[in-house]
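Source file target.cif; content: mmCIF, C-alpha atoms.
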data_target
loop_
_atom_site.group_PDB
_atom_site.id
_atom_site.type_symbol
_atom_site.label_atom_id
_atom_site.label_comp_id
_atom_site.auth_asym_id
_atom_site.auth_seq_id
_atom_site.Cartn_x
_atom_site.Cartn_y
_atom_site.Cartn_z
ATOM 1 C CA MET A 1 4.953 -18.376 8.083
ATOM 2 C CA GLU A 2 6.672 -15.281 9.436
ATOM 3 C CA ILE A 3 5.773 -11.605 9.124
ATOM 4 C CA ARG A 4 8.513 -9.059 9.717
ATOM 5 C CA LYS A 5 9.469 -5.470 8.938
ATOM 6 C CA ALA A 6 10.922 -5.101 5.469
ATOM 7 C CA LYS A 7 14.618 -4.439 4.938
ATOM 8 C CA ILE A 8 16.347 -2.610 2.097
ATOM 9 C CA GLN A 9 17.735 -5.979 0.981
ATOM 10 C CA ASP A 10 14.151 -7.121 0.270
ATOM 11 C CA ALA A 11 13.809 -4.696 -2.662
ATOM 12 C CA ASP A 12 14.293 -7.296 -5.423
ATOM 13 C CA LYS A 13 11.381 -9.377 -4.094
ATOM 14 C CA VAL A 14 9.133 -6.539 -2.911
ATOM 15 C CA ILE A 15 9.242 -4.204 -5.940
ATOM 16 C CA PRO A 16 7.545 -6.680 -8.358
ATOM 17 C CA LEU A 17 4.843 -7.348 -5.742
ATOM 18 C CA LEU A 18 4.424 -3.616 -5.143
ATOM 19 C CA LEU A 19 4.052 -2.850 -8.844
ATOM 20 C CA GLU A 20 1.539 -5.681 -9.228
ATOM 21 C CA ALA A 21 -0.496 -4.307 -6.324
ATOM 22 C CA LEU A 22 -0.422 -0.724 -7.630
ATOM 23 C CA GLY A 23 -1.349 -1.797 -11.142
ATOM 24 C CA GLY A 24 -2.476 1.115 -13.299
ATOM 25 C CA THR A 25 -1.974 3.648 -10.512
ATOM 26 C CA ALA A 26 1.815 3.116 -10.358
ATOM 27 C CA PRO A 27 2.655 5.901 -12.869
ATOM 28 C CA ALA A 28 0.711 8.462 -10.822
ATOM 29 C CA PHE A 29 3.304 8.350 -8.045
ATOM 30 C CA CYS A 30 6.394 8.723 -10.236
ATOM 31 C CA GLY A 31 5.302 10.820 -13.219
ATOM 32 C CA THR A 32 6.263 8.452 -16.022
ATOM 33 C CA GLU A 33 4.645 5.761 -18.130
ATOM 34 C CA ILE A 34 7.947 4.096 -19.053
ATOM 35 C CA PRO A 35 8.076 0.698 -17.273
ATOM 36 C CA GLU A 36 11.819 0.798 -16.532
ATOM 37 C CA GLU A 37 11.543 4.305 -15.069
ATOM 38 C CA ILE A 38 8.522 3.267 -12.990
ATOM 39 C CA GLU A 39 10.440 0.331 -11.545
ATOM 40 C CA ASP A 40 13.525 2.493 -10.919
ATOM 41 C CA SER A 41 11.419 5.135 -9.142
ATOM 42 C CA TYR A 42 9.788 2.619 -6.809
ATOM 43 C CA ARG A 43 13.120 0.923 -6.113
ATOM 44 C CA GLN A 44 14.538 4.308 -5.159
ATOM 45 C CA TYR A 45 11.483 5.135 -3.005
ATOM 46 C CA PHE A 46 11.698 1.744 -1.279
ATOM 47 C CA CYS A 47 15.393 2.113 -0.408
ATOM 48 C CA GLU A 48 14.967 5.569 1.153
ATOM 49 C CA GLU A 49 14.683 6.152 4.877
ATOM 50 C CA GLU A 50 11.483 8.202 4.638
ATOM 51 C CA GLY A 51 8.478 8.362 2.386
ATOM 52 C CA ARG A 52 5.221 6.766 1.392
ATOM 53 C CA PHE A 53 6.955 3.802 -0.278
ATOM 54 C CA SER A 54 10.010 3.562 2.001
ATOM 55 C CA TYR A 55 10.876 0.098 3.262
ATOM 56 C CA HIS A 56 9.968 1.393 6.722
ATOM 57 C CA GLN A 57 6.282 1.347 5.663
ATOM 58 C CA PHE A 58 6.382 -2.330 4.617
ATOM 59 C CA PHE A 59 5.990 -5.707 6.267
ATOM 60 C CA VAL A 60 6.907 -8.847 4.360
ATOM 61 C CA VAL A 61 5.564 -12.373 4.687
ATOM 62 C CA LEU A 62 7.988 -15.260 4.496
ATOM 63 C CA LYS A 63 7.143 -18.870 3.890
ATOM 64 C CA SER A 64 10.002 -21.384 3.861
ATOM 65 C CA GLY A 65 12.360 -18.410 3.968
ATOM 66 C CA GLU A 66 10.976 -16.842 0.769
ATOM 67 C CA ILE A 67 9.090 -13.552 0.560
ATOM 68 C CA CYS A 68 5.637 -14.529 -0.623
ATOM 69 C CA GLY A 69 3.648 -11.413 0.206
ATOM 70 C CA MET A 70 3.774 -7.903 1.534
ATOM 71 C CA ILE A 71 1.694 -5.161 3.031
ATOM 72 C CA ALA A 72 2.500 -1.489 3.392
ATOM 73 C CA GLY A 73 0.689 1.349 5.005
ATOM 74 C CA HIS A 74 0.793 4.361 7.213
ATOM 75 C CA GLU A 75 -1.152 6.501 9.616
ATOM 76 C CA THR A 76 -3.191 8.881 7.484
ATOM 77 C CA ASN A 77 -2.211 11.896 9.559
ATOM 78 C CA GLN A 78 1.408 11.321 8.388
ATOM 79 C CA LEU A 79 0.524 11.324 4.693
ATOM 80 C CA ASP A 80 1.564 14.904 3.877
ATOM 81 C CA GLN A 81 5.021 14.287 5.298
ATOM 82 C CA LEU A 82 5.292 10.870 3.601
ATOM 83 C CA ASN A 83 4.304 12.343 0.225
ATOM 84 C CA GLN A 84 7.148 14.887 0.162
ATOM 85 C CA ARG A 85 9.509 12.529 -1.640
ATOM 86 C CA VAL A 86 6.826 11.634 -4.202
ATOM 87 C CA TYR A 87 6.204 15.338 -4.889
ATOM 88 C CA GLU A 88 9.958 15.855 -5.401
ATOM 89 C CA GLU A 89 10.007 13.075 -7.990
ATOM 90 C CA LEU A 90 6.930 14.452 -9.759
ATOM 91 C CA GLN A 91 8.460 17.948 -9.910
ATOM 92 C CA LYS A 92 11.707 16.514 -11.301
ATOM 93 C CA ARG A 93 9.670 14.947 -14.118
ATOM 94 C CA GLY A 94 7.715 18.138 -14.832
ATOM 95 C CA LYS A 95 4.524 16.906 -13.143
ATOM 96 C CA GLY A 96 4.695 19.217 -10.123
ATOM 97 C CA ASP A 97 1.077 20.314 -10.564
ATOM 98 C CA PHE A 98 -0.202 16.751 -10.034
ATOM 99 C CA GLU A 99 -2.103 16.478 -6.751
ATOM 100 C CA LEU A 100 -1.873 13.290 -4.741
ATOM 101 C CA ILE A 101 -5.226 12.369 -3.262
ATOM 102 C CA LYS A 102 -5.800 11.551 0.372
ATOM 103 C CA GLU A 103 -7.481 8.165 0.115
ATOM 104 C CA SER A 104 -8.321 7.678 3.802
ATOM 105 C CA MET A 105 -9.481 9.526 6.922
ATOM 106 C CA ASP A 106 -7.402 11.020 9.719
ATOM 107 C CA GLY A 107 -7.081 8.469 12.511
ATOM 108 C CA ASP A 108 -6.875 5.558 10.056
ATOM 109 C CA TYR A 109 -4.056 3.083 9.729
ATOM 110 C CA TYR A 110 -4.260 2.833 5.970
ATOM 111 C CA ILE A 111 -3.337 -0.223 3.914
ATOM 112 C CA GLU A 112 -1.489 1.346 0.992
ATOM 113 C CA VAL A 113 -0.752 -1.925 -0.803
ATOM 114 C CA LEU A 114 -1.206 -5.610 -0.107
ATOM 115 C CA THR A 115 -0.381 -8.550 -2.308
ATOM 116 C CA VAL A 116 0.468 -12.205 -2.103
ATOM 117 C CA ALA A 117 2.588 -13.818 -4.821
ATOM 118 C CA GLU A 118 0.451 -15.833 -7.205
ATOM 119 C CA ALA A 119 1.955 -19.202 -6.212
ATOM 120 C CA TYR A 120 0.930 -18.576 -2.578
ATOM 121 C CA ARG A 121 -2.633 -17.343 -3.062
ATOM 122 C CA SER A 122 -5.690 -19.091 -1.606
ATOM 123 C CA GLN A 123 -3.689 -20.304 1.391
ATOM 124 C CA GLY A 124 -4.999 -17.780 3.947
ATOM 125 C CA ILE A 125 -1.878 -15.627 3.803
ATOM 126 C CA GLY A 126 -3.783 -12.453 2.878
ATOM 127 C CA LYS A 127 -6.093 -12.846 5.874
ATOM 128 C CA LYS A 128 -3.088 -13.310 8.179
ATOM 129 C CA ILE A 129 -1.351 -10.223 6.798
ATOM 130 C CA ILE A 130 -4.490 -8.147 7.319
ATOM 131 C CA ALA A 131 -4.920 -9.429 10.889
ATOM 132 C CA PHE A 132 -1.280 -8.525 11.550
ATOM 133 C CA PHE A 133 -1.853 -5.032 10.150
ATOM 134 C CA GLU A 134 -5.023 -4.579 12.225
ATOM 135 C CA ASN A 135 -3.038 -5.477 15.354
ATOM 136 C CA GLU A 136 -0.473 -2.872 14.351
ATOM 137 C CA ALA A 137 -3.315 -0.326 14.022
ATOM 138 C CA ARG A 138 -4.470 -1.111 17.574
ATOM 139 C CA ARG A 139 -0.900 -0.894 18.869
ATOM 140 C CA ARG A 140 -0.639 2.557 17.286
ATOM 141 C CA LYS A 141 -4.016 3.545 18.791
ATOM 142 C CA CYS A 142 -5.581 4.220 15.373
ATOM 143 C CA SER A 143 -9.372 4.354 15.320
ATOM 144 C CA GLN A 144 -9.685 2.072 12.290
ATOM 145 C CA THR A 145 -7.891 0.214 9.528
ATOM 146 C CA SER A 146 -8.813 1.257 6.016
ATOM 147 C CA LEU A 147 -8.061 0.537 2.372
ATOM 148 C CA VAL A 148 -9.309 1.186 -1.118
ATOM 149 C CA VAL A 149 -10.222 -1.548 -3.540
ATOM 150 C CA LEU A 150 -10.977 -1.286 -7.240
ATOM 151 C CA GLN A 151 -14.736 -1.325 -7.758
ATOM 152 C CA GLU A 152 -14.273 -3.964 -10.461
ATOM 153 C CA ASN A 153 -12.425 -6.253 -8.019
ATOM 154 C CA GLU A 154 -15.511 -7.842 -6.523
ATOM 155 C CA GLU A 155 -13.586 -10.859 -5.200
ATOM 156 C CA ALA A 156 -11.308 -8.672 -3.063
ATOM 157 C CA ARG A 157 -14.216 -6.512 -1.863
ATOM 158 C CA LYS A 158 -16.092 -9.621 -0.718
ATOM 159 C CA LEU A 159 -13.004 -10.881 1.120
ATOM 160 C CA TYR A 160 -12.634 -7.560 2.940
ATOM 161 C CA GLU A 161 -16.341 -7.597 3.833
ATOM 162 C CA LYS A 162 -15.954 -11.109 5.298
ATOM 163 C CA LEU A 163 -13.121 -9.713 7.421
ATOM 164 C CA GLY A 164 -15.405 -6.964 8.775
ATOM 165 C CA TYR A 165 -14.616 -4.093 6.424
ATOM 166 C CA LYS A 166 -17.498 -1.935 5.275
ATOM 167 C CA VAL A 167 -17.742 0.225 2.168
ATOM 168 C CA GLN A 168 -17.790 3.827 3.367
ATOM 169 C CA ASN A 169 -17.922 5.559 -0.010
ATOM 170 C CA ALA A 170 -16.756 5.436 -3.608
ATOM 171 C CA HIS A 171 -13.951 7.472 -5.183
ATOM 172 C CA SER A 172 -12.537 8.020 -8.627
ATOM 173 C CA PHE A 173 -8.861 8.908 -8.679
ATOM 174 C CA TYR A 174 -5.694 8.067 -10.572
ATOM 175 C CA PHE A 175 -7.965 7.124 -13.498
ATOM 176 C CA GLU A 176 -9.645 4.274 -11.597
ATOM 177 C CA ASP A 177 -12.865 3.770 -9.554
ATOM 178 C CA PHE A 178 -12.419 2.578 -5.960
ATOM 179 C CA TYR A 179 -14.371 1.773 -2.824
ATOM 180 C CA TYR A 180 -13.010 3.186 0.424
ATOM 181 C CA MET A 181 -13.502 0.483 3.079
ATOM 182 C CA ALA A 182 -12.836 0.629 6.800
ATOM 183 C CA LYS A 183 -12.969 -1.531 9.900
ATOM 184 C CA LYS A 184 -13.102 -0.068 13.400
ATOM 185 C CA SER A 185 -10.273 -0.999 15.753
ATOM 186 C CA GLU A 186 -11.476 -3.081 18.667
#
Exercise: express the given structure as structure tokens:
Amino acid sequence: MEIRKAKIQDADKVIPLLLEALGGTAPAFCGTEIPEEIEDSYRQYFCEEEGRFSYHQFFVVLKSGEICGMIAGHETNQLDQLNQRVYEELQKRGKGDFELIKESMDGDYYIEVLTVAEAYRSQGIGKKIIAFFENEARRRKCSQTSLVVLQENEEARKLYEKLGYKVQNAHSFYFEDFYYMAKKSE
């Protein structure tokens, strides 16, 4: 298994994983409910040099040379800058009054999305990706790693708790209910 920075050429493998991970929140970041337009928006975001969903924010996991998972995130204090491209897209679609919500705390290295392809689940890949991301947080001198998880996704919440994450609070945004969880950097 190998974890590396994503490349633009990874878009065809990463975009389906990204959309799966975002689930019902995907339309909030592109201002449309039309599946083809959602996919096109995220493909465009991914292939750009800057932004919340730029390939620069992603790491991919390879097993036998195939992308089988991904994780993306950012330092929370960079979020306003990273959201500029998303706001441009929302304005273009007449949704310029939509406010993106800051899901984490300043000083966090925030896991924006994480998913492992279905055929590769229950093999410990998710734990390895998270450990990799936590090391990246320490390298960047972030005080903690954080994420949000759907309140209804009890299985994921329990996994994160086993890995040392603690529920800090609950949020409702983008039409869903989430727990904000964090783990201090060591």
Reference answer for the PyMOL selection byres ((chain A and resi 51-63) around 9), as a compact mmCIF listing (two decimals) with C-alpha atoms, in the coordinates of the input:
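Okay, this is what ended up in part39.txt:
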# COMPACT_ATOMS: atom_id res chain seq x y z
CA MET A 1 4.95 -18.38 8.08
CA GLU A 2 6.67 -15.28 9.44
CA ILE A 3 5.77 -11.60 9.12
CA ARG A 4 8.51 -9.06 9.72
CA LYS A 5 9.47 -5.47 8.94
CA ALA A 6 10.92 -5.10 5.47
CA LYS A 7 14.62 -4.44 4.94
CA ILE A 8 16.35 -2.61 2.10
CA ASP A 10 14.15 -7.12 0.27
CA ALA A 11 13.81 -4.70 -2.66
CA VAL A 14 9.13 -6.54 -2.91
CA TYR A 42 9.79 2.62 -6.81
CA ARG A 43 13.12 0.92 -6.11
CA GLN A 44 14.54 4.31 -5.16
CA TYR A 45 11.48 5.14 -3.00
CA PHE A 46 11.70 1.74 -1.28
CA CYS A 47 15.39 2.11 -0.41
CA GLU A 48 14.97 5.57 1.15
CA GLU A 49 14.68 6.15 4.88
CA GLU A 50 11.48 8.20 4.64
CA SER A 64 10.00 -21.38 3.86
CA GLY A 65 12.36 -18.41 3.97
CA GLU A 66 10.98 -16.84 0.77
CA ILE A 67 9.09 -13.55 0.56
CA CYS A 68 5.64 -14.53 -0.62
CA GLY A 69 3.65 -11.41 0.21
CA MET A 70 3.77 -7.90 1.53
CA ILE A 71 1.69 -5.16 3.03
CA ALA A 72 2.50 -1.49 3.39
CA GLY A 73 0.69 1.35 5.00
CA HIS A 74 0.79 4.36 7.21
CA LEU A 79 0.52 11.32 4.69
CA GLN A 81 5.02 14.29 5.30
CA LEU A 82 5.29 10.87 3.60
CA ASN A 83 4.30 12.34 0.22
CA GLN A 84 7.15 14.89 0.16
CA ARG A 85 9.51 12.53 -1.64
CA VAL A 86 6.83 11.63 -4.20
CA GLU A 112 -1.49 1.35 0.99
CA VAL A 113 -0.75 -1.92 -0.80
CA VAL A 116 0.47 -12.20 -2.10
CA TYR A 120 0.93 -18.58 -2.58
CA ILE A 125 -1.88 -15.63 3.80
CA ILE A 129 -1.35 -10.22 6.80
CA PHE A 133 -1.85 -5.03 10.15
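Residues selected in this file by the PyMOL selection byres ((chain A and resi 168-183) around 7) comprise A:Thr25, A:Ala28, A:Gln144, A:Thr145, A:Ser146, A:Leu147, A:Val148, A:Val149, A:Leu150, A:Gln151, A:Gly164, A:Tyr165, A:Lys166, A:Val167, A:Lys184, A:Ser185.
Using all atoms listed in the file, the shortest contact distance between Tyr109 in chain A and any of A:Leu90, A:Glu75, A:Gln123, A:Glu155 is found at A:Glu75.
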Per-axis box centre and lengths in Å around range 165-177 of chain A, 4 Å margin per side, axis-aligned, as AutoDock Vina command-line options:
--center_x -11.8 --center_y 2.4 --center_z -3.5 --size_x 20.2 --size_y 21.0 --size_z 27.9
Name the closest residue to Glu88 in chain A among the candidates A:Leu159, A:Gln9, A:Gly126, A:Cys30; distances are taken between atoms, counting only C-alpha atoms.
A:Cys30
Quick one, how far is CA of Glu103 in chain A from CA of Lys13 in chain A?
26.1 Å
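For range 31-33 of chain A, the residues within 10 Å (counting all atoms listed in the file, excluding itself and residues fewer than 4 positions away along the chain) are A:Gly24, A:Ala26, A:Pro27, A:Glu37, A:Ile38, A:Ser41, A:Val86, A:Tyr87, A:Glu89, A:Leu90, A:Gln91, A:Lys92, A:Arg93, A:Gly94, A:Lys95, A:Gly96, A:Phe98.
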Counting all atoms listed in the file, the option among A:Thr76, A:Leu19, A:Lys162, A:Arg140 closest to Met105 in chain A
A:Thr76
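Between CA of Arg138 in chain A and CA of Glu186 in chain A the interatomic distance comes to 7.4 Å.
Note that CA of Glu136 in chain A and CA of Glu154 in chain A are 26.2 Å apart.
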